[in-house]
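This is work_3.cif. It holds mmCIF, C-alpha atoms and all ligand atoms.
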data_run
#
loop_
_atom_site.label_atom_id
_atom_site.label_comp_id
_atom_site.auth_asym_id
_atom_site.auth_seq_id
_atom_site.Cartn_x
_atom_site.Cartn_y
_atom_site.Cartn_z
CA MET A 9 8.79 84.66 9.30
CA LYS A 10 6.78 85.08 6.07
CA LYS A 11 3.71 82.85 6.26
CA PRO A 12 1.88 81.27 3.31
CA GLN A 13 -1.47 82.87 2.59
CA TYR A 14 -3.57 79.79 3.18
CA TYR A 15 -3.55 79.81 6.99
CA PHE A 16 -5.34 82.44 9.08
CA LEU A 17 -3.40 82.20 12.30
CA GLY A 18 -3.70 85.66 13.83
CA GLU A 19 -1.04 86.00 16.50
CA ARG A 20 -0.53 82.25 16.74
CA ASN A 21 2.00 80.35 14.73
CA THR A 22 0.95 76.76 15.45
CA ALA A 23 -2.17 74.61 15.16
CA ASP A 24 -4.38 74.09 18.19
CA LEU A 25 -2.94 70.79 19.39
CA ASP A 26 -1.63 69.72 22.78
CA PHE A 27 1.95 69.55 21.49
CA SER A 28 3.48 68.78 24.89
CA ASN A 29 1.45 65.58 25.28
CA LEU A 30 1.72 63.96 21.88
CA GLY A 31 2.50 60.27 21.46
CA PHE A 32 4.09 58.76 18.37
CA ASP A 33 0.85 58.63 16.38
CA TYR A 34 -0.50 59.50 12.95
CA ILE A 35 -2.20 62.87 12.90
CA ALA A 36 -3.53 63.82 9.48
CA CYS A 37 -1.98 67.13 8.46
CA PRO A 38 -3.41 69.12 5.55
CA TYR A 39 -0.79 68.45 2.83
CA ARG A 40 1.44 65.69 1.51
CA PHE A 41 4.01 65.88 -1.30
CA GLU A 42 3.93 63.42 -4.19
CA ALA A 43 6.02 62.58 -7.23
CA VAL A 44 5.63 59.78 -9.78
CA PHE A 45 8.12 57.87 -11.89
CA GLN A 46 6.72 56.94 -15.30
CA HIS A 47 8.31 56.41 -18.72
CA GLY A 48 11.73 56.70 -17.07
CA LEU A 49 11.11 60.19 -15.64
CA TRP A 50 10.37 61.58 -12.21
CA ARG A 51 7.61 64.18 -12.23
CA SER A 52 6.44 66.15 -9.21
CA ARG A 53 2.72 66.27 -8.53
CA GLY A 54 3.45 68.86 -5.85
CA LEU A 55 1.25 69.08 -2.79
CA VAL A 56 -1.90 66.99 -2.53
CA GLU A 57 -4.59 67.06 0.14
CA ASP A 58 -5.94 63.52 -0.11
CA ASN A 59 -4.33 61.18 2.44
CA THR A 60 -5.68 58.13 0.58
CA MET A 61 -3.67 56.70 -2.29
CA HIS A 62 -5.27 55.13 -5.36
CA ILE A 63 -2.93 52.49 -6.80
CA PRO A 64 -3.39 49.45 -9.10
CA GLU A 65 -4.29 46.17 -7.36
CA GLY A 66 -1.38 44.38 -9.08
CA SER A 67 1.22 46.79 -7.66
CA GLN A 68 4.55 45.23 -6.65
CA CYS A 69 4.50 47.10 -3.34
CA LEU A 70 1.30 45.26 -2.37
CA HIS A 71 2.39 41.73 -3.32
CA TYR A 72 6.16 41.61 -3.23
CA GLY A 73 6.98 44.32 -0.73
CA GLN A 74 8.72 46.54 -3.28
CA GLN A 75 8.63 49.45 -0.89
CA LEU A 76 10.96 51.69 1.12
CA PHE A 77 10.45 54.37 3.72
CA GLU A 78 12.41 56.93 5.68
CA GLY A 79 11.84 58.68 8.98
CA MET A 80 13.17 62.12 9.81
CA LYS A 81 12.34 65.08 12.00
CA VAL A 82 11.83 68.81 11.66
CA PHE A 83 12.17 71.23 14.60
CA ARG A 84 11.17 74.80 15.40
CA GLY A 85 13.92 77.00 16.79
CA GLY A 86 13.44 79.59 19.52
CA ASP A 87 13.24 82.34 16.87
CA ASP A 88 10.68 80.30 14.86
CA THR A 89 13.22 79.20 12.24
CA ILE A 90 12.35 75.72 11.04
CA TYR A 91 15.09 73.11 10.62
CA ALA A 92 15.26 69.62 9.16
CA PHE A 93 18.00 67.36 10.54
CA ARG A 94 20.47 65.88 8.03
CA PRO A 95 17.88 65.35 5.26
CA ARG A 96 20.52 64.51 2.65
CA ASP A 97 21.51 61.46 4.69
CA ASN A 98 17.94 60.16 4.51
CA SER A 99 17.96 60.79 0.77
CA ARG A 100 21.20 58.82 0.45
CA ARG A 101 19.83 55.91 2.51
CA LEU A 102 16.59 55.79 0.53
CA ASN A 103 18.60 55.53 -2.67
CA GLU A 104 20.76 52.73 -1.27
CA GLY A 105 17.47 50.88 -0.75
CA ALA A 106 16.19 51.83 -4.22
CA ARG A 107 19.27 50.30 -5.83
CA TYR A 108 18.77 47.09 -3.85
CA ILE A 109 15.07 46.68 -4.63
CA ARG A 110 15.81 47.55 -8.24
CA GLY A 111 13.83 50.74 -8.52
CA PRO A 112 14.94 54.16 -9.78
CA GLU A 113 16.76 56.44 -7.35
CA VAL A 114 14.89 59.53 -6.17
CA PRO A 115 17.06 62.49 -7.20
CA GLU A 116 18.34 64.30 -4.11
CA GLU A 117 16.98 67.53 -5.53
CA LEU A 118 13.47 66.03 -5.68
CA PHE A 119 13.77 64.59 -2.15
CA ILE A 120 14.85 67.95 -0.72
CA ARG A 121 12.26 69.88 -2.73
CA GLY A 122 9.56 67.54 -1.38
CA ILE A 123 10.70 68.14 2.18
CA GLU A 124 10.77 71.89 1.73
CA GLU A 125 7.32 71.99 0.15
CA VAL A 126 5.59 69.63 2.57
CA VAL A 127 7.04 71.34 5.64
CA ALA A 128 6.24 74.84 4.41
CA ALA A 129 2.67 73.78 3.53
CA ASN A 130 2.12 72.23 6.97
CA HIS A 131 4.15 74.76 8.98
CA PRO A 132 1.58 75.32 11.78
CA TYR A 133 2.06 71.63 12.63
CA VAL A 134 5.76 72.06 13.42
CA PRO A 135 5.55 71.95 17.23
CA PRO A 136 6.54 74.99 19.30
CA HIS A 137 10.14 75.31 20.42
CA GLY A 138 10.51 73.82 23.90
CA SER A 139 7.44 71.55 23.64
CA GLY A 140 9.64 68.46 23.35
CA ALA A 141 7.73 67.50 20.21
CA SER A 142 8.79 67.63 16.56
CA LEU A 143 7.32 67.22 13.11
CA TYR A 144 7.96 63.67 11.91
CA LEU A 145 8.41 63.28 8.16
CA ARG A 146 7.67 59.99 6.48
CA PRO A 147 9.09 59.90 2.95
CA PHE A 148 8.19 56.62 1.24
CA TYR A 149 8.48 54.91 -2.08
CA VAL A 150 6.32 52.23 -3.69
CA GLY A 151 6.53 50.19 -6.89
CA ILE A 152 3.17 50.27 -8.69
CA GLY A 153 1.57 48.92 -11.85
CA ASP A 154 -0.72 46.36 -13.49
CA ASN A 155 1.40 43.34 -12.69
CA VAL A 156 1.32 39.78 -11.47
CA GLY A 157 4.85 38.40 -12.07
CA VAL A 158 7.65 38.53 -9.51
CA LYS A 159 9.68 41.41 -10.93
CA PRO A 160 10.41 45.06 -10.18
CA ALA A 161 7.83 47.67 -11.17
CA THR A 162 8.33 50.13 -13.99
CA ASP A 163 6.34 52.90 -12.26
CA TYR A 164 6.83 54.31 -8.75
CA VAL A 165 5.28 56.81 -6.36
CA PHE A 166 7.39 58.83 -3.93
CA ARG A 167 5.34 60.55 -1.25
CA ILE A 168 6.04 62.42 1.99
CA PHE A 169 3.49 62.87 4.74
CA VAL A 170 4.06 64.59 8.07
CA ALA A 171 2.72 64.29 11.61
CA PRO A 172 3.64 66.11 14.82
CA VAL A 173 4.97 63.56 17.31
CA GLY A 174 6.13 63.17 20.89
CA PRO A 175 8.29 60.35 22.29
CA TYR A 176 8.41 56.97 20.53
CA TYR A 177 8.75 55.07 23.80
CA LYS A 178 6.26 56.41 26.33
CA GLY A 179 7.91 58.72 28.84
CA GLY A 180 10.79 59.65 26.52
CA PHE A 181 14.27 60.36 27.85
CA GLY A 182 15.47 61.09 31.38
CA PRO A 183 17.02 59.67 34.54
CA ASP A 184 13.59 58.38 35.66
CA GLN A 185 12.78 56.86 32.25
CA GLY A 186 14.65 53.54 32.13
CA LYS A 187 13.24 50.99 29.69
CA SER A 188 13.48 47.20 29.70
CA PHE A 189 14.19 45.19 26.56
CA MET A 190 14.00 41.48 25.78
CA VAL A 191 16.53 39.60 23.67
CA SER A 192 14.48 38.00 20.92
CA ARG A 193 14.83 34.43 19.76
CA TYR A 194 13.68 35.59 16.30
CA ASP A 195 15.48 37.49 13.55
CA ARG A 196 14.27 40.65 11.81
CA ALA A 197 16.66 40.26 8.88
CA ALA A 198 18.80 37.62 7.17
CA PRO A 199 22.63 37.64 7.44
CA SER A 200 23.08 38.81 3.84
CA GLY A 201 19.56 40.13 3.26
CA THR A 202 17.75 43.46 3.55
CA GLY A 203 18.48 44.49 7.15
CA HIS A 204 20.67 47.38 5.97
CA ILE A 205 17.89 49.05 3.96
CA LYS A 206 14.66 50.55 5.23
CA ALA A 207 12.32 48.14 3.45
CA GLY A 208 8.87 47.58 4.93
CA GLY A 209 9.29 43.79 4.96
CA ASN A 210 11.94 44.05 7.70
CA TYR A 211 9.34 45.70 9.89
CA ALA A 212 6.58 43.18 9.13
CA ALA A 213 9.13 40.56 10.19
CA SER A 214 9.58 42.36 13.51
CA PHE A 215 5.87 42.45 14.45
CA HIS A 216 5.74 38.93 15.89
CA PRO A 217 8.96 39.22 17.95
CA GLY A 218 8.07 42.78 18.96
CA SER A 219 4.60 41.71 20.12
CA GLU A 220 6.08 38.82 22.06
CA ALA A 221 8.42 41.22 23.89
CA LYS A 222 5.63 43.73 24.55
CA SER A 223 3.20 41.14 25.86
CA ALA A 224 5.92 39.96 28.24
CA GLY A 225 6.07 43.52 29.62
CA PHE A 226 9.13 44.83 27.74
CA VAL A 227 9.16 47.96 25.61
CA ASP A 228 10.68 46.16 22.62
CA ALA A 229 12.84 43.29 21.36
CA ILE A 230 16.61 43.37 20.90
CA TYR A 231 17.77 41.28 17.95
CA LEU A 232 20.93 39.20 17.77
CA ASP A 233 22.95 38.52 14.65
CA PRO A 234 20.92 36.20 12.46
CA ALA A 235 23.83 33.87 11.59
CA GLU A 236 24.97 32.80 15.08
CA HIS A 237 22.76 34.54 17.65
CA LYS A 238 25.92 35.61 19.49
CA PHE A 239 26.23 39.31 18.72
CA ILE A 240 23.92 42.24 19.42
CA GLU A 241 22.32 43.70 16.31
CA GLU A 242 19.77 46.38 17.12
CA VAL A 243 16.30 47.16 18.40
CA GLY A 244 13.21 47.12 16.11
CA ALA A 245 13.60 50.81 15.24
CA ALA A 246 16.82 51.91 16.93
CA ASN A 247 20.55 51.08 17.05
CA PHE A 248 22.27 49.86 20.21
CA LEU A 249 24.83 51.89 22.21
CA ALA A 250 26.85 51.08 25.33
CA PHE A 251 29.64 52.48 27.46
CA LYS A 252 32.55 50.22 28.33
CA GLY A 253 34.87 52.25 30.51
CA ASP A 254 35.46 55.52 28.64
CA ALA A 255 34.45 54.21 25.24
CA LEU A 256 31.13 54.56 23.46
CA LEU A 257 30.47 51.28 21.65
CA THR A 258 28.01 50.35 18.92
CA PRO A 259 27.58 47.16 16.89
CA ASP A 260 28.99 46.75 13.42
CA SER A 261 26.95 44.37 11.32
CA PRO A 262 25.92 44.15 7.65
CA SER A 263 22.32 43.40 8.64
CA ILE A 264 21.47 46.46 10.75
CA LEU A 265 20.06 49.76 9.54
CA ARG A 266 22.82 52.34 9.81
CA SER A 267 21.21 54.95 12.02
CA ILE A 268 21.78 58.60 11.19
CA THR A 269 21.23 59.42 14.86
CA ARG A 270 23.91 56.92 15.86
CA GLN A 271 26.36 58.41 13.37
CA SER A 272 25.59 61.85 14.81
CA LEU A 273 26.12 60.67 18.41
CA LEU A 274 29.42 59.00 17.52
CA GLU A 275 30.58 62.26 15.94
CA ILE A 276 29.43 64.31 18.94
CA ALA A 277 31.18 61.87 21.31
CA ALA A 278 34.44 61.95 19.36
CA GLU A 279 34.55 65.59 18.25
CA ILE A 280 32.92 67.45 21.13
CA PHE A 281 33.56 65.27 24.17
CA LYS A 282 36.76 63.59 22.91
CA TRP A 283 35.48 60.19 24.06
CA PRO A 284 36.83 57.10 22.32
CA THR A 285 34.27 55.40 20.07
CA GLU A 286 34.21 51.90 18.64
CA GLU A 287 32.02 50.36 15.99
CA ARG A 288 32.57 46.62 16.20
CA LYS A 289 30.95 43.28 16.90
CA ILE A 290 29.48 43.16 20.41
CA SER A 291 28.70 39.75 21.87
CA VAL A 292 25.75 39.30 24.22
CA ASP A 293 28.19 37.99 26.83
CA GLU A 294 29.97 41.35 26.73
CA LEU A 295 26.90 42.94 28.32
CA ASP A 296 28.49 41.79 31.60
CA ASP A 297 31.24 44.38 31.06
CA PHE A 298 29.15 47.42 30.16
CA SER A 299 28.43 50.20 32.61
CA ALA A 300 25.57 51.70 30.57
CA ALA A 301 23.32 50.88 27.62
CA ALA A 302 20.95 52.81 25.38
CA CYS A 303 19.41 52.76 21.96
CA CYS A 304 19.06 55.60 19.48
CA GLY A 305 17.14 56.63 16.40
CA THR A 306 15.14 59.47 14.87
CA ALA A 307 12.03 58.35 16.76
CA ALA A 308 13.74 56.89 19.86
CA VAL A 309 16.25 59.83 20.07
CA ILE A 310 18.34 58.37 22.94
CA THR A 311 16.50 55.85 25.07
CA TRP A 312 18.16 54.68 28.26
CA ILE A 313 18.13 50.88 28.51
CA GLU A 314 17.72 50.06 32.18
CA SER A 315 17.60 46.31 31.76
CA ILE A 316 17.98 43.56 29.19
CA VAL A 317 16.62 40.08 29.70
CA ASP A 318 17.32 36.91 27.71
CA ALA A 319 16.11 33.34 28.30
CA ASP A 320 18.06 32.94 31.55
CA ARG A 321 19.97 36.14 32.29
CA LYS A 322 19.25 39.73 33.25
CA TRP A 323 21.55 42.72 32.90
CA GLU A 324 20.87 46.03 34.64
CA PHE A 325 22.34 49.39 33.73
CA PRO A 326 22.12 52.59 35.77
CA PHE A 327 21.39 55.94 34.13
CA ASP A 328 24.67 57.41 32.94
CA GLU A 329 25.10 61.19 32.81
CA ARG A 330 26.92 60.76 29.50
CA TRP A 331 23.56 59.90 27.87
CA GLN A 332 22.29 63.25 29.13
CA LYS A 333 25.33 65.05 27.67
CA LEU A 334 24.88 63.42 24.29
CA TYR A 335 21.14 64.09 24.34
CA ASP A 336 21.59 67.77 25.21
CA VAL A 337 24.03 68.36 22.36
CA LEU A 338 22.02 66.38 19.80
CA VAL A 339 18.68 67.99 20.64
CA GLY A 340 20.36 71.38 21.09
CA ILE A 341 21.72 71.18 17.53
CA GLN A 342 18.42 69.89 16.14
CA THR A 343 16.34 72.66 17.72
CA GLY A 344 18.74 75.51 17.03
CA ALA A 345 19.47 75.98 20.75
CA LYS A 346 23.17 75.13 20.25
CA ASP A 347 25.76 75.85 17.58
CA ASP A 348 25.89 73.38 14.74
CA PRO A 349 29.61 72.79 14.14
CA PHE A 350 28.84 69.82 11.87
CA GLY A 351 26.46 71.62 9.49
CA TRP A 352 23.60 69.18 10.17
CA ARG A 353 20.71 71.66 10.32
CA TYR A 354 18.88 72.38 7.10
CA GLU A 355 16.83 75.56 7.28
CA ILE A 356 13.42 75.48 5.66
CA SER A 357 11.78 78.74 4.67
CA VAL A 358 8.04 78.99 5.07
C1 LIG A 401 15.67 49.18 12.28
C2 LIG A 401 16.07 50.56 12.61
N1 LIG A 401 17.26 50.77 13.17
C3 LIG A 401 17.71 51.99 13.49
C4 LIG A 401 16.93 53.11 13.24
C5 LIG A 401 17.43 54.47 13.59
O1 LIG A 401 17.87 55.12 12.43
P1 LIG A 401 17.85 56.70 12.32
O2 LIG A 401 18.69 57.22 13.43
O3 LIG A 401 18.45 57.00 11.00
O4 LIG A 401 16.44 57.10 12.45
C6 LIG A 401 15.67 52.95 12.67
C7 LIG A 401 14.83 54.12 12.39
O5 LIG A 401 14.93 54.70 11.32
C8 LIG A 401 15.23 51.66 12.33
O6 LIG A 401 14.04 51.47 11.78
#
Output the file's structure as structure tokens, nothing else.
Amino acid sequence: MKKPQYYFLGERNTADLDFSNLGFDYIACPYRFEAVFQHGLWRSRGLVEDNTMHIPEGSQCLHYGQQLFEGMKVFRGGDDTIYAFRPRDNSRRLNEGARYIRGPEVPEELFIRGIEEVVAANHPYVPPHGSGASLYLRPFYVGIGDNVGVKPATDYVFRIFVAPVGPYYKGGFGPDQGKSFMVSRYDRAAPSGTGHIKAGGNYAASFHPGSEAKSAGFVDAIYLDPAEHKFIEEVGAANFLAFKGDALLTPDSPSILRSITRQSLLEIAAEIFKWPTEERKISVDELDDFSAAACCGTAAVITWIESIVDADRKWEFPFDERWQKLYDVLVGIQTGAKDDPFGWRYEISV
């Protein structure tokens, strides 16, 4: 692998971090990528070292939440090749959000260029193959300007920072890593609101319910549909999955974020394992009929749900080997350990 001149690594190829024991935390890496939208044009500022942003106090992102973010991961293969996972899907989802919050789309070419540049510039922070860790990428987008009225910005900043991360839920995935979730009485999104886009306000709205669940001893809250509180929506940062007999089920709802990990798992289930899959409304009462439950996302990967509790009921789910099968294929594709029949890996040259 050809290495940029600005690191002096000797025989090593990674930074001196304890990659096998990382949490899901911010670690300041040397470079971030930035582009600005001004006068109707996107312009790349390239790589910047300062992790502090200087933006006008009247900026729409600060007052009216005109903001979006993405989360994606980059992996190091056994031969040191570096791969992003389905980056064009994150680009597409960011632009769905941009249209909704009435900002300019980020051209896919700019999004991909940013990812390539920021990963190459920070390549010693891509964790070693087999460490279980990955490089988390946080592309985000903010409306800025000298403004006070409630209206979309004319200028925007698109930035990507990176941080090496371990599991989102402590302990990660495995047959001894069951997690308990609490059904929340609150909503994270409105029935016809912004739940389907990755806007920061959805996450601010989840802090109170999430804290309530965590202080009661659960790892996170599970949200129900905001109109009737009858159907399962999703977790704060992950989509819901369950097995009913042979079928892999996942909720369909206009107010959940459509997880790229979930889409990948449904495709793996259908194409590789030939399991039936269903995307449909799932009532809370139907939990009685499920043999297994989990949640999935870029950060959560697959997280086995061992129990779910609501105001007066508790459901328990044993570990199901099918989670392991899905996990092995997904992570195998992401890390280059398995073939990629779907074309999901995106190689990044450094
Ligand atoms: C609310 C929510 N649901 C689901 C997900 C999982 O989506 P993905 O698999 O695309 O990361 C995330 C994380 O991005 C999320 O924030």
_Taking 2 positions as the minimum chain separation for residues in the same chain, which residues sit within 8 Å of segment 241-245 of chain A when counting only C-alpha atoms? Answer as a PyMOL selection string._
chain A and resi 196+211+214+218+228-233+239+247-248+259-261+263-264+303+305+307-308
*Would you work out the distance separating atom CA of Gly344 of chain A from atom CA of Ala92 of chain A, expressed in Å to one decimal?*
10.4 Å
_A:Ala197, A:Val126, A:Ala246, A:Met80 ranked by distance to Ile168 of chain A, top pick (using only C-alpha atoms)_ =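 Among the listed residues, the smallest separation from Ile168 of chain A belongs to A:Val126.
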*Considering all atoms listed in the file, return as a ChimeraX atom specification whatever protein or nucleic-acid residues lie within 6 Å of segment 206-210 of chain A, sequence-local ones (same chain, fewer than 3 positions apart) excluded.*
/A:75-77,196,213
*asked:* Applying 6 Å and only C-alpha atoms, which residues near Ser142 of chain A remain after dropping the ones on its own chain fewer than 3 positions away? List them as a VMD selection string.
replied: chain A and resid 82 to 83 135 172 to 173
*Which residue, A:Tyr144, A:Ile90, A:Gly79, A:Thr202, has the smallest gap to Ala36 of chain A when you use all atoms listed in the file?*
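Using all atoms listed in the file, Ala36 of chain A sits closest to A:Tyr144.
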